[in-house]
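S.K.: upload-v2.txt (compact mmCIF, C-alpha atoms) pasted underneath:
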# COMPACT_ATOMS: atom_id res chain seq x y z
CA MET S 332 -47.25 -7.28 19.41
CA THR S 333 -44.07 -8.64 17.86
CA THR S 334 -43.84 -10.35 14.53
CA THR S 335 -41.17 -12.62 13.15
CA THR S 336 -39.41 -11.56 9.97
CA GLU S 337 -39.00 -14.51 7.66
CA LEU S 338 -35.75 -14.86 5.78
CA PRO S 339 -36.45 -13.56 2.27
CA ALA S 340 -35.95 -15.79 -0.71
CA THR S 341 -32.70 -15.24 -2.60
CA THR S 342 -33.80 -12.87 -5.37
CA LEU S 343 -30.76 -10.56 -5.56
CA LEU S 344 -27.38 -11.35 -7.12
CA ARG S 345 -24.41 -9.00 -6.91
CA PHE S 346 -21.88 -9.72 -9.63
CA ALA S 347 -18.88 -8.01 -11.18
CA THR S 348 -17.13 -8.13 -14.53
CA ALA S 349 -13.36 -8.11 -14.84
CA GLY S 350 -10.76 -8.65 -17.52
CA SER S 351 -7.89 -7.10 -19.40
CA VAL S 352 -8.01 -3.94 -21.49
CA ASP S 353 -10.25 -4.19 -24.58
CA ASP S 354 -11.56 -7.64 -23.70
CA GLY S 355 -15.05 -6.19 -24.16
CA LYS S 356 -16.40 -5.91 -20.63
CA SER S 357 -18.47 -2.79 -21.22
CA THR S 358 -19.81 -4.15 -24.50
CA LEU S 359 -20.77 -7.40 -22.76
CA VAL S 360 -22.60 -5.51 -20.01
CA GLY S 361 -24.29 -3.30 -22.59
CA ARG S 362 -25.38 -6.36 -24.58
CA LEU S 363 -26.69 -8.02 -21.42
CA LEU S 364 -28.74 -4.94 -20.54
CA HIS S 365 -29.96 -4.39 -24.10
CA ASP S 366 -30.96 -7.97 -24.93
CA SER S 367 -32.62 -8.50 -21.55
CA LYS S 368 -34.81 -5.42 -22.25
CA SER S 369 -33.28 -3.53 -19.30
CA VAL S 370 -32.43 -0.33 -21.18
CA LEU S 371 -34.80 2.63 -21.17
CA ALA S 372 -35.79 4.08 -24.54
CA ASP S 373 -34.13 7.45 -23.91
CA GLN S 374 -30.87 5.75 -22.86
CA LEU S 375 -30.80 3.73 -26.06
CA GLU S 376 -31.61 6.81 -28.14
CA ALA S 377 -28.69 8.68 -26.55
CA VAL S 378 -26.32 5.78 -27.31
CA GLU S 379 -27.57 5.58 -30.90
CA ARG S 380 -27.08 9.34 -31.32
CA VAL S 381 -23.50 9.30 -30.00
CA SER S 382 -22.65 6.20 -32.04
CA ALA S 383 -24.02 7.77 -35.22
CA GLY S 384 -21.97 10.89 -34.54
CA ARG S 385 -18.86 8.72 -34.53
CA GLY S 386 -19.82 7.19 -37.88
CA GLN S 387 -20.80 3.81 -36.43
CA ASP S 388 -23.54 1.88 -38.21
CA THR S 389 -24.76 0.13 -35.05
CA PRO S 390 -25.12 1.38 -31.45
CA ASP S 391 -21.96 1.09 -29.35
CA LEU S 392 -23.46 -0.75 -26.36
CA ALA S 393 -20.36 -0.06 -24.26
CA LEU S 394 -21.64 3.50 -23.90
CA LEU S 395 -24.44 2.19 -21.68
CA THR S 396 -21.88 1.73 -18.89
CA ASP S 397 -18.95 4.01 -19.80
CA GLY S 398 -20.55 7.19 -18.47
CA LEU S 399 -17.52 9.38 -17.76
CA ARG S 400 -16.43 11.76 -20.52
CA ALA S 401 -12.85 10.45 -20.34
CA GLU S 402 -14.14 6.90 -20.72
CA ARG S 403 -16.08 7.78 -23.86
CA GLU S 404 -13.22 9.77 -25.36
CA GLN S 405 -10.59 7.08 -24.74
CA GLY S 406 -12.82 4.04 -25.22
CA ILE S 407 -11.83 2.57 -21.87
CA THR S 408 -13.42 2.00 -18.48
CA ILE S 409 -11.88 4.02 -15.64
CA ASP S 410 -14.28 3.83 -12.72
CA VAL S 411 -16.63 1.11 -11.49
CA ALA S 412 -20.02 1.47 -13.18
CA TYR S 413 -22.92 0.03 -11.21
CA ARG S 414 -26.04 -1.03 -13.06
CA TYR S 415 -29.29 -2.28 -11.58
CA PHE S 416 -31.64 -4.47 -13.59
CA ALA S 417 -34.03 -7.35 -13.16
CA THR S 418 -35.54 -10.31 -14.99
CA PRO S 419 -38.60 -12.33 -13.97
CA LYS S 420 -36.27 -14.74 -12.15
CA ARG S 421 -33.89 -12.45 -10.23
CA ARG S 422 -32.75 -8.91 -9.45
CA PHE S 423 -29.17 -7.87 -10.15
CA ILE S 424 -26.58 -5.33 -9.05
CA LEU S 425 -23.79 -5.40 -11.63
CA ALA S 426 -20.38 -3.78 -11.21
CA ASP S 427 -18.51 -3.19 -14.47
CA THR S 428 -14.88 -2.79 -13.37
CA PRO S 429 -11.86 -1.38 -15.28
CA GLY S 430 -9.29 -3.54 -17.01
CA HIS S 431 -6.20 -1.31 -16.86
CA VAL S 432 -3.55 -2.32 -14.33
CA GLN S 433 -3.59 1.14 -12.73
CA TYR S 434 -7.30 0.73 -11.97
CA THR S 435 -6.96 -2.64 -10.24
CA ARG S 436 -8.08 -0.91 -7.02
CA ASN S 437 -11.45 -0.32 -8.68
CA MET S 438 -11.74 -4.02 -9.48
CA VAL S 439 -11.11 -4.79 -5.80
CA THR S 440 -13.89 -2.37 -4.88
CA GLY S 441 -16.37 -3.86 -7.33
CA ALA S 442 -15.63 -7.48 -6.46
CA SER S 443 -15.45 -7.04 -2.68
CA THR S 444 -19.21 -7.49 -2.27
CA ALA S 445 -19.80 -9.68 -5.34
CA GLN S 446 -21.29 -13.15 -5.12
CA LEU S 447 -20.12 -13.92 -8.65
CA THR S 448 -17.37 -12.57 -10.88
CA VAL S 449 -17.33 -12.78 -14.67
CA ILE S 450 -13.73 -12.78 -15.91
CA LEU S 451 -13.48 -11.96 -19.61
CA VAL S 452 -10.76 -13.21 -21.93
CA ASP S 453 -10.22 -12.08 -25.50
CA ALA S 454 -10.30 -15.28 -27.56
CA ARG S 455 -7.44 -13.93 -29.72
CA ASN S 456 -5.11 -13.26 -26.76
CA GLY S 457 -6.01 -15.98 -24.27
CA VAL S 458 -5.03 -15.77 -20.61
CA VAL S 459 -2.82 -12.72 -19.97
CA GLU S 460 -1.24 -11.21 -16.85
CA GLN S 461 -4.30 -9.12 -16.00
CA THR S 462 -6.49 -12.24 -16.31
CA ARG S 463 -4.30 -13.92 -13.72
CA ARG S 464 -4.37 -10.82 -11.50
CA HIS S 465 -8.16 -10.67 -11.56
CA ALA S 466 -8.42 -14.39 -10.88
CA ALA S 467 -6.08 -14.00 -7.91
CA ILE S 468 -8.13 -11.10 -6.54
CA ALA S 469 -11.35 -13.09 -6.94
CA ALA S 470 -9.72 -15.93 -5.01
CA LEU S 471 -8.41 -13.65 -2.25
CA LEU S 472 -11.80 -11.96 -1.93
CA ARG S 473 -13.38 -15.44 -1.83
CA VAL S 474 -15.99 -14.61 -4.43
CA PRO S 475 -18.21 -17.73 -4.29
CA HIS S 476 -18.65 -18.15 -8.06
CA VAL S 477 -16.30 -17.39 -10.95
CA VAL S 478 -17.38 -17.46 -14.61
CA LEU S 479 -14.88 -17.45 -17.47
CA ALA S 480 -16.38 -15.69 -20.49
CA VAL S 481 -14.26 -16.19 -23.61
CA ASN S 482 -15.27 -13.16 -25.65
CA LYS S 483 -14.81 -12.18 -29.32
CA MET S 484 -15.36 -15.73 -30.52
CA ASP S 485 -16.52 -14.19 -33.80
CA LEU S 486 -12.96 -12.99 -34.43
CA VAL S 487 -11.55 -16.54 -34.21
CA GLY S 488 -14.16 -18.12 -36.42
CA TYR S 489 -16.16 -19.50 -33.47
CA ARG S 490 -13.68 -22.38 -33.29
CA GLU S 491 -14.12 -24.79 -30.39
CA PRO S 492 -10.38 -25.70 -30.07
CA VAL S 493 -9.55 -22.04 -29.35
CA PHE S 494 -12.14 -21.96 -26.57
CA ALA S 495 -11.04 -25.32 -25.16
CA ALA S 496 -7.36 -24.32 -24.98
CA ILE S 497 -8.16 -21.10 -23.08
CA VAL S 498 -10.45 -22.91 -20.66
CA LYS S 499 -7.76 -25.54 -19.97
CA GLU S 500 -5.10 -22.91 -19.19
CA PHE S 501 -7.40 -20.80 -17.01
CA THR S 502 -8.78 -23.81 -15.13
CA ALA S 503 -5.27 -25.01 -14.24
CA TYR S 504 -4.33 -21.57 -12.92
CA ALA S 505 -7.60 -21.20 -11.02
CA ALA S 506 -7.11 -24.58 -9.37
CA GLU S 507 -3.75 -23.42 -7.98
CA LEU S 508 -5.55 -20.41 -6.48
CA GLY S 509 -8.13 -22.64 -4.83
CA ILE S 510 -10.97 -21.48 -7.06
CA PRO S 511 -13.48 -24.34 -7.34
CA GLY S 512 -14.59 -25.61 -10.71
CA GLY S 513 -16.39 -22.75 -12.42
CA THR S 514 -18.37 -22.22 -15.59
CA ALA S 515 -16.85 -21.30 -18.95
CA ILE S 516 -19.00 -19.72 -21.66
CA PRO S 517 -17.94 -18.82 -25.24
CA VAL S 518 -19.51 -15.48 -26.18
CA SER S 519 -19.48 -12.68 -28.70
CA ALA S 520 -20.65 -9.55 -26.91
CA LEU S 521 -20.68 -7.61 -30.17
CA ALA S 522 -22.86 -10.13 -32.00
CA GLY S 523 -24.83 -11.26 -28.96
CA ASP S 524 -23.83 -14.93 -29.05
CA ASN S 525 -24.52 -16.75 -25.75
CA VAL S 526 -25.05 -13.55 -23.78
CA VAL S 527 -28.83 -13.60 -23.52
CA GLU S 528 -29.73 -15.74 -26.53
CA PRO S 529 -28.02 -19.02 -27.47
CA SER S 530 -25.58 -18.82 -30.36
CA ALA S 531 -26.74 -20.10 -33.72
CA VAL S 532 -23.15 -20.62 -34.90
CA MET S 533 -21.62 -22.43 -31.89
CA ASP S 534 -23.74 -25.57 -31.83
CA TRP S 535 -20.80 -27.39 -30.25
CA TYR S 536 -21.53 -25.51 -27.00
CA THR S 537 -24.49 -26.90 -25.07
CA GLY S 538 -24.18 -25.03 -21.78
CA PRO S 539 -26.19 -22.04 -20.51
CA THR S 540 -26.00 -18.50 -21.80
CA LEU S 541 -24.51 -15.92 -19.47
CA LEU S 542 -27.93 -14.63 -18.45
CA GLU S 543 -29.26 -18.15 -17.83
CA HIS S 544 -26.29 -18.86 -15.58
CA VAL S 545 -26.55 -15.70 -13.46
CA GLU S 546 -30.30 -16.23 -13.16
CA THR S 547 -29.91 -19.73 -11.74
CA VAL S 548 -26.59 -19.85 -9.89
CA PRO S 549 -27.22 -20.64 -6.19
CA VAL S 550 -26.22 -17.75 -3.92
CA GLY S 551 -28.35 -18.41 -0.87
CA HIS S 552 -27.07 -18.19 2.69
CA ASP S 553 -28.01 -20.10 5.80
CA PRO S 554 -27.98 -17.70 8.76
CA ALA S 555 -28.16 -20.56 11.23
CA HIS S 556 -24.60 -21.51 10.29
CA ARG S 557 -23.04 -18.04 10.28
CA ARG S 558 -21.68 -16.09 13.22
CA ALA S 559 -23.93 -13.12 13.96
CA ARG S 560 -22.19 -9.74 13.80
CA LEU S 561 -23.65 -6.23 14.17
CA PRO S 562 -21.19 -3.33 13.84
CA VAL S 563 -22.72 -0.32 15.62
CA GLN S 564 -23.10 2.57 13.21
CA TYR S 565 -25.07 5.02 15.34
CA VAL S 566 -26.57 5.36 18.82
CA ILE S 567 -30.19 6.55 18.70
CA ARG S 568 -31.44 8.70 21.62
CA PRO S 569 -34.66 10.56 20.58
CA ARG S 570 -35.11 12.23 24.02
CA THR S 571 -38.78 12.95 23.26
CA ALA S 572 -41.80 12.65 25.53
CA GLU S 573 -42.88 9.55 23.63
CA HIS S 574 -39.42 7.95 23.73
CA ALA S 575 -37.92 9.43 26.88
CA ASP S 576 -35.85 6.34 27.77
CA TYR S 577 -35.25 4.96 24.27
CA ARG S 578 -31.63 3.97 23.57
CA GLY S 579 -31.06 1.95 20.41
CA TYR S 580 -27.95 0.81 18.59
CA ALA S 581 -28.32 1.02 14.81
CA GLY S 582 -26.36 -0.77 12.12
CA GLN S 583 -26.51 -3.30 9.32
CA ILE S 584 -26.17 -6.95 10.32
CA ALA S 585 -22.94 -8.10 8.70
CA ALA S 586 -23.54 -11.81 9.17
CA GLY S 587 -25.86 -14.32 10.80
CA SER S 588 -29.06 -13.51 12.67
CA LEU S 589 -30.01 -11.84 15.95
CA ARG S 590 -33.13 -12.55 18.01
CA VAL S 591 -34.88 -11.00 20.98
CA GLY S 592 -33.81 -12.51 24.30
CA GLU S 593 -30.42 -13.64 22.98
CA PRO S 594 -27.41 -13.06 25.28
CA VAL S 595 -24.90 -10.80 23.55
CA THR S 596 -21.43 -9.39 24.20
CA ILE S 597 -20.26 -5.90 23.31
CA LEU S 598 -16.74 -5.85 21.85
CA PRO S 599 -14.07 -4.77 22.44
CA SER S 600 -15.21 -3.97 26.02
CA GLY S 601 -16.45 -7.52 26.68
CA ARG S 602 -19.58 -6.38 28.57
CA THR S 603 -22.53 -8.76 28.36
CA THR S 604 -26.29 -8.24 28.25
CA ARG S 605 -29.22 -9.53 26.20
CA ILE S 606 -31.33 -8.19 23.35
CA SER S 607 -34.61 -6.75 24.63
CA GLY S 608 -35.96 -5.57 21.28
CA ILE S 609 -35.23 -5.24 17.56
CA ASP S 610 -36.71 -2.44 15.44
CA LEU S 611 -36.82 -2.93 11.68
CA LEU S 612 -38.34 -0.37 9.29
CA GLY S 613 -40.40 1.20 12.04
CA ARG S 614 -41.81 -2.00 13.53
CA ARG S 615 -40.78 -4.43 16.23
CA VAL S 616 -39.58 -7.90 15.13
CA ASP S 617 -38.35 -11.01 16.89
CA THR S 618 -35.51 -11.87 14.50
CA ALA S 619 -33.32 -10.04 11.99
CA TRP S 620 -30.98 -11.40 9.35
CA THR S 621 -27.84 -10.65 7.37
CA GLY S 622 -28.06 -7.45 5.35
CA GLN S 623 -30.96 -5.94 7.26
CA SER S 624 -30.48 -2.50 8.82
CA VAL S 625 -31.85 -2.64 12.34
CA THR S 626 -31.89 -0.89 15.70
CA VAL S 627 -31.14 -3.18 18.62
CA LEU S 628 -32.30 -2.44 22.16
CA LEU S 629 -30.41 -3.95 25.10
CA ALA S 630 -31.71 -5.06 28.48
CA ASP S 631 -28.99 -3.25 30.45
CA ASP S 632 -27.83 0.35 30.30
CA ILE S 633 -24.19 -0.21 29.34
CA ASP S 634 -21.70 1.88 27.39
CA VAL S 635 -22.02 1.13 23.67
CA SER S 636 -20.83 3.51 20.95
CA ARG S 637 -20.08 3.71 17.25
CA GLY S 638 -17.38 1.23 16.29
CA ASP S 639 -18.41 -1.41 18.82
CA LEU S 640 -19.49 -4.87 17.69
CA ILE S 641 -22.55 -6.70 19.05
CA VAL S 642 -22.12 -10.48 18.88
CA PRO S 643 -23.72 -13.58 20.47
CA THR S 644 -22.06 -14.32 23.80
CA THR S 645 -21.72 -17.99 22.83
CA ASP S 646 -19.91 -17.16 19.59
CA ALA S 647 -17.81 -14.06 20.21
CA PRO S 648 -14.54 -13.56 18.31
CA ALA S 649 -11.33 -13.00 20.22
CA THR S 650 -9.98 -9.45 20.33
CA THR S 651 -6.40 -8.88 19.24
CA GLN S 652 -3.87 -6.16 18.51
CA ASP S 653 -1.82 -8.38 16.18
CA ILE S 654 -3.32 -9.02 12.76
CA GLU S 655 -1.88 -11.18 9.99
CA ALA S 656 -3.55 -10.73 6.63
CA THR S 657 -3.33 -11.00 2.89
CA VAL S 658 -3.62 -7.60 1.24
CA CYS S 659 -3.98 -5.97 -2.14
CA HIS S 660 -2.15 -2.65 -2.24
CA VAL S 661 -4.20 -0.09 -4.16
CA ALA S 662 -2.41 3.24 -3.65
CA ASP S 663 0.24 4.84 -5.84
CA GLN S 664 2.49 5.34 -2.80
CA ALA S 665 4.19 2.21 -1.48
CA LEU S 666 3.33 0.42 1.76
CA THR S 667 6.52 -0.10 3.78
CA VAL S 668 7.63 -1.92 6.90
CA GLY S 669 7.34 0.38 9.91
CA GLN S 670 4.76 2.63 8.25
CA ARG S 671 2.17 4.26 10.50
CA VAL S 672 -1.36 3.91 9.21
CA LEU S 673 -4.99 3.97 10.26
CA LEU S 674 -6.85 0.67 10.15
CA LYS S 675 -10.60 0.76 9.49
CA HIS S 676 -12.46 -2.38 10.52
CA GLY S 677 -16.23 -2.24 10.20
CA THR S 678 -17.27 1.04 11.80
CA ARG S 679 -14.13 1.36 13.95
CA THR S 680 -10.89 3.14 12.99
CA VAL S 681 -7.68 2.78 15.04
CA LYS S 682 -3.99 3.65 14.75
CA ALA S 683 -1.71 0.86 13.53
CA ILE S 684 1.83 0.05 12.43
CA VAL S 685 2.93 -2.24 9.60
CA GLU S 686 5.28 -4.49 11.56
CA ASN S 687 6.35 -6.73 8.69
CA ILE S 688 5.68 -7.67 5.08
CA PRO S 689 6.63 -11.37 4.99
CA SER S 690 5.99 -11.98 1.29
CA ARG S 691 4.73 -10.73 -2.06
CA LEU S 692 2.83 -12.93 -4.50
CA THR S 693 4.24 -13.40 -8.01
CA LEU S 694 1.23 -13.80 -10.29
CA ASP S 695 2.95 -15.64 -13.14
CA ASP S 696 3.74 -18.80 -11.17
CA LEU S 697 2.06 -18.02 -7.80
CA SER S 698 5.44 -18.15 -6.07
CA LEU S 699 6.13 -16.05 -2.98
CA HIS S 700 8.90 -13.46 -2.93
CA PRO S 701 10.03 -13.38 0.74
CA CYS S 702 10.50 -10.19 2.76
CA PRO S 703 10.09 -7.61 -0.03
CA GLY S 704 10.07 -4.76 2.52
CA ARG S 705 7.40 -2.89 0.59
CA LEU S 706 4.33 -3.32 -1.58
CA VAL S 707 3.67 -1.07 -4.56
CA ALA S 708 0.45 -0.40 -6.46
CA ASN S 709 -1.44 -3.60 -7.38
CA ASP S 710 0.89 -5.87 -5.38
CA ILE S 711 -0.65 -8.74 -3.45
CA GLY S 712 1.18 -9.85 -0.34
CA ARG S 713 1.13 -10.78 3.32
CA VAL S 714 1.44 -8.27 6.18
CA ARG S 715 1.66 -8.24 9.96
CA ILE S 716 -0.02 -5.27 11.64
CA ARG S 717 -0.01 -4.07 15.26
CA THR S 718 -3.01 -1.94 16.27
CA ALA S 719 -3.23 0.62 19.06
CA GLU S 720 -6.45 -0.91 20.39
CA PRO S 721 -7.79 -4.48 20.46
CA LEU S 722 -10.09 -5.34 17.56
CA PRO S 723 -12.65 -8.17 17.32
CA VAL S 724 -11.69 -9.61 13.94
CA ASP S 725 -12.88 -12.79 12.26
CA LEU S 726 -10.98 -14.77 9.68
CA TYR S 727 -11.93 -13.59 6.21
CA ALA S 728 -12.73 -17.21 5.34
CA ASP S 729 -15.46 -17.11 8.01
CA SER S 730 -16.84 -13.63 7.32
CA ARG S 731 -16.10 -11.37 4.37
CA ARG S 732 -17.47 -8.35 6.27
CA THR S 733 -15.86 -8.67 9.70
CA GLY S 734 -12.74 -10.37 8.36
CA SER S 735 -11.80 -7.46 6.11
CA PHE S 736 -10.27 -4.04 6.68
CA ILE S 737 -8.60 -1.16 4.87
CA LEU S 738 -5.40 0.72 5.69
CA ILE S 739 -5.57 4.51 5.41
CA ASP S 740 -2.90 7.19 5.20
CA PRO S 741 -3.31 9.22 8.43
CA GLY S 742 -2.01 12.33 6.70
CA ASP S 743 -4.45 12.75 3.83
CA GLY S 744 -7.03 9.97 4.26
CA THR S 745 -5.98 8.07 1.13
CA THR S 746 -6.97 4.40 1.04
CA LEU S 747 -3.72 2.45 0.86
CA THR S 748 -4.53 -1.24 1.11
CA ALA S 749 -7.45 -3.66 1.23
CA GLY S 750 -6.85 -6.51 3.67
CA MET S 751 -8.29 -9.96 4.35
CA VAL S 752 -7.56 -11.41 7.81
CA GLY S 753 -6.00 -14.86 7.89
CA GLY S 754 -4.15 -17.15 5.54
CA SER S 755 -5.46 -16.70 2.03
CA CYS S 756 -2.19 -18.15 0.76
CA ALA S 757 0.75 -19.96 2.32
CA VAL S 758 3.64 -17.72 3.38
CA PRO S 759 6.97 -18.30 5.12
CA GLU S 760 7.37 -17.45 8.78
CA PRO S 761 7.63 -13.64 9.01
CA ALA S 762 10.79 -12.02 10.28
CA GLU S 763 10.65 -9.56 13.11
CA GLY S 764 9.54 -6.08 12.08
CA PRO S 765 11.04 -2.81 13.25
CA ALA S 766 10.10 -1.36 16.61
CA ALA S 767 7.42 1.31 16.72
CA ASP S 768 8.25 4.78 17.95
CA ASP S 769 7.34 8.49 17.77
CA GLY S 770 4.16 8.25 19.83
CA TRP S 771 2.86 5.17 18.02
CA ASP S 772 4.50 2.66 20.39
CA PHE S 773 1.77 0.17 21.22
Output the file's structure as structure tokens, nothing else.

M.R.:
Amino acid sequence: MTTTTELPATTLLRFATAGSVDDGKSTLVGRLLHDSKSVLADQLEAVERVSAGRGQDTPDLALLTDGLRAEREQGITIDVAYRYFATPKRRFILADTPGHVQYTRNMVTGASTAQLTVILVDARNGVVEQTRRHAAIAALLRVPHVVLAVNKMDLVGYREPVFAAIVKEFTAYAAELGIPGGTAIPVSALAGDNVVEPSAVMDWYTGPTLLEHVETVPVGHDPAHRRARLPVQYVIRPRTAEHADYRGYAGQIAAGSLRVGEPVTILPSGRTTRISGIDLLGRRVDTAWTGQSVTVLLADDIDVSRGDLIVPTTDAPATTQDIEATVCHVADQALTVGQRVLLKHGTRTVKAIVENIPSRLTLDDLSLHPCPGRLVANDIGRVRIRTAEPLPVDLYADSRRTGSFILIDPGDGTTLTAGMVGGSCAVPEPAEGPAADDGWDF
């Protein structure tokens, strides 16, 4: 007997913190965890012990997230630190990302799945280049909600004009990036003002605390209005007496919903069939939604393998070998025109060539530098890529999962670039790229 899985209420928020060096991201996260009673007693004791050993009178809450030895020694964040906590209103997965320019790749990683990004600004320094870079990345990754947290208000006397000037500058820049009107909150992570509890010394601010905002910000999704996509991760063939003819296609639904009886197309082959069953957590269901890991059974015995994409026949994306995208280059080695790479899209990896790099984004004024020929670490630009095999890609604006990809060095497996399919920013018409050769001519 089948049962229908109801769409769960939105109780989980993924959010990331970002900002320049020493803006206080780790301290803010530590304060959020501490004041929301999300820190275990032994964790707090360890932080108090290390802080006392350094001669500090109060616990250094940044140590709750800076777990690497190098991070503690240098007082900086190097890697993304994930923290899981909950309040009576919502569950959270928090990614505390580094602020150094050389670790921008880590910020891209942390924000790529975020529904909300908190961008910190030191009230003494205002909006700096790294603030603009993180805002641009949040815009390119289409993070639905952006919060500006003006930190260290205690060091500027909690003055409202300082806060207002920073908000005005950031809002103007964000508007040019296409970031919708966000929320700005004046905070002192060190003192705890407006993080979990309202500030007693900033009575001129009447908005929510940071915790109140992340607890109530709407992050729901309507699967009826999203294109269903299931990248096949694994083909299940038990070959047992009980399941002699069982053939299921397992993966996590990237977007939308799938239901039994629905006509589907397998891409890139284009073969069509219908869904005969959906297994979820060991039981049969009628419908499955975004984010659920399922095994789909098909009515016809057709060739489906890892890397294929199962989509509704009525809403299948076109397959293409020519991809235009906005990218953030994350590797130390440059990305150049004519470079041979591997492109990983969903669960599929294919050979590809960088045909052209039409432009590079200048963060100061958001102007476009045409035909730079290469992108270096932390550059944001536009690329044209030719793949060896057709890929079923969506626009990133339509689907963050199936509209994204990474470029990989075929020699050593290094991740080179994170890409978003489609026009995240306006670019001039690209010039023709060099011809492919040496066995990669496709």

S.K.: I'd like the neighbourhood of region 412-426 of chain S as a list of chain:residue names, where a residue qualifies if any of its atoms comes within 7 Å (using all atoms listed in the file), though same-chain residues fewer than 2 positions away should be ignored.

M.R.: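 Close residues of region 412-426 of chain S: S:Thr342, S:Leu343, S:Leu344, S:Arg345, S:Phe346, S:Ala347, S:Thr348, S:Ser369, S:Thr396, S:Asp410, S:Thr428, S:Gly441, S:Glu546.
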
S.K.: Which residues are near Arg557 (chain S)? Cut-off 12 Å, all atoms listed in the file, ignore same chain within fewer than 3 positions. Put them as a list in words.

M.R.: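 Those residues are His552, Asp553, Pro554, Arg560, Ile584, Ala585, Ala586, Gly587, Ser588, Leu589, Trp620, Thr621, Val642, Pro643, Asp646, Ala647, Asp725, Ala728, Asp729, Ser730, Arg731, Arg732 and Thr733 of chain S.
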
S.K.: Write out as number ranges by chain each polymer residue whose atoms come within 12 Å of Ser636 (chain S), counting only C-alpha atoms; drop sequence neighbours fewer than 6 positions from it.

M.R.: S: 562-568, 578-582, 597-600, 678-679

S.K.: From the list S:Asn687, S:Ser698, S:Thr547, S:Ser367, which residue is nearest Leu508 (chain S) when using all atoms listed in the file?

M.R.: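 Nearest to Leu508 (chain S): S:Ser698.
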
S.K.: With distances taken over all atoms listed in the file, which residue among S:Arg615, S:Arg455, S:His544, S:Lys682 lies nearest Ile739 (chain S)?

M.R.: S:Lys682

S.K.: Find, counting only C-alpha atoms, the residue in S:Leu447, S:Leu726, S:Leu628, S:Val481 that gets nearest to Val550 (chain S).

M.R.: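 Of S:Leu447, S:Leu726, S:Leu628, S:Val481, the one nearest Val550 (chain S), counting only C-alpha atoms, is S:Leu447.
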
S.K.: Residues within 7 Å of Cys659 (chain S), please, as a PyMOL selection string. Count only C-alpha atoms; anything in the same chain fewer than 3 positions from it doesn't count.

M.R.: chain S and resi 709-712+748-750

S.K.: Kindly export the residues of the current selection with C-alpha atoms, as a compact mmCIF listing (two decimals), in the frame of the given file.

M.R.:
# COMPACT_ATOMS: atom_id res chain seq x y z
CA ASN S 709 -1.44 -3.60 -7.38
CA ASP S 710 0.89 -5.87 -5.38
CA ILE S 711 -0.65 -8.74 -3.45
CA GLY S 712 1.18 -9.85 -0.34
CA THR S 748 -4.53 -1.24 1.11
CA ALA S 749 -7.45 -3.66 1.23
CA GLY S 750 -6.85 -6.51 3.67

S.K.: Counting only C-alpha atoms, what is within 9 Å of Asp663 (chain S), bar same-chain residues fewer than 6 positions away, as an MDAnalysis selection string?

M.R.: chainID S and resid 433 707:709 747

S.K.: Which one of S:Ser519, S:Gly513, S:Thr651, S:Arg463 sits closest to Val477 (chain S) if you count all atoms listed in the file?

M.R.: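 Checking each candidate against Val477 (chain S), we get S:Gly513 as the closest.
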
S.K.: Could you check which of S:Val352, S:Val548, S:Leu640, S:Ala445 is closest to Pro429 (chain S), using only C-alpha atoms?

M.R.: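 Checking each of S:Val352, S:Val548, S:Leu640, S:Ala445 against Pro429 (chain S), counting only C-alpha atoms, the winner is S:Val352.
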
S.K.: Between CA of Ile450 (chain S) and CA of His465 (chain S), what is the spacing in Å?

M.R.: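 A separation of 7.4 Å between them.
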
S.K.: Between S:Val627, S:Ala496, S:Leu479, S:Ala575, which has the minimum distance to Leu451 (chain S) (counting all atoms listed in the file)?

M.R.: S:Leu479
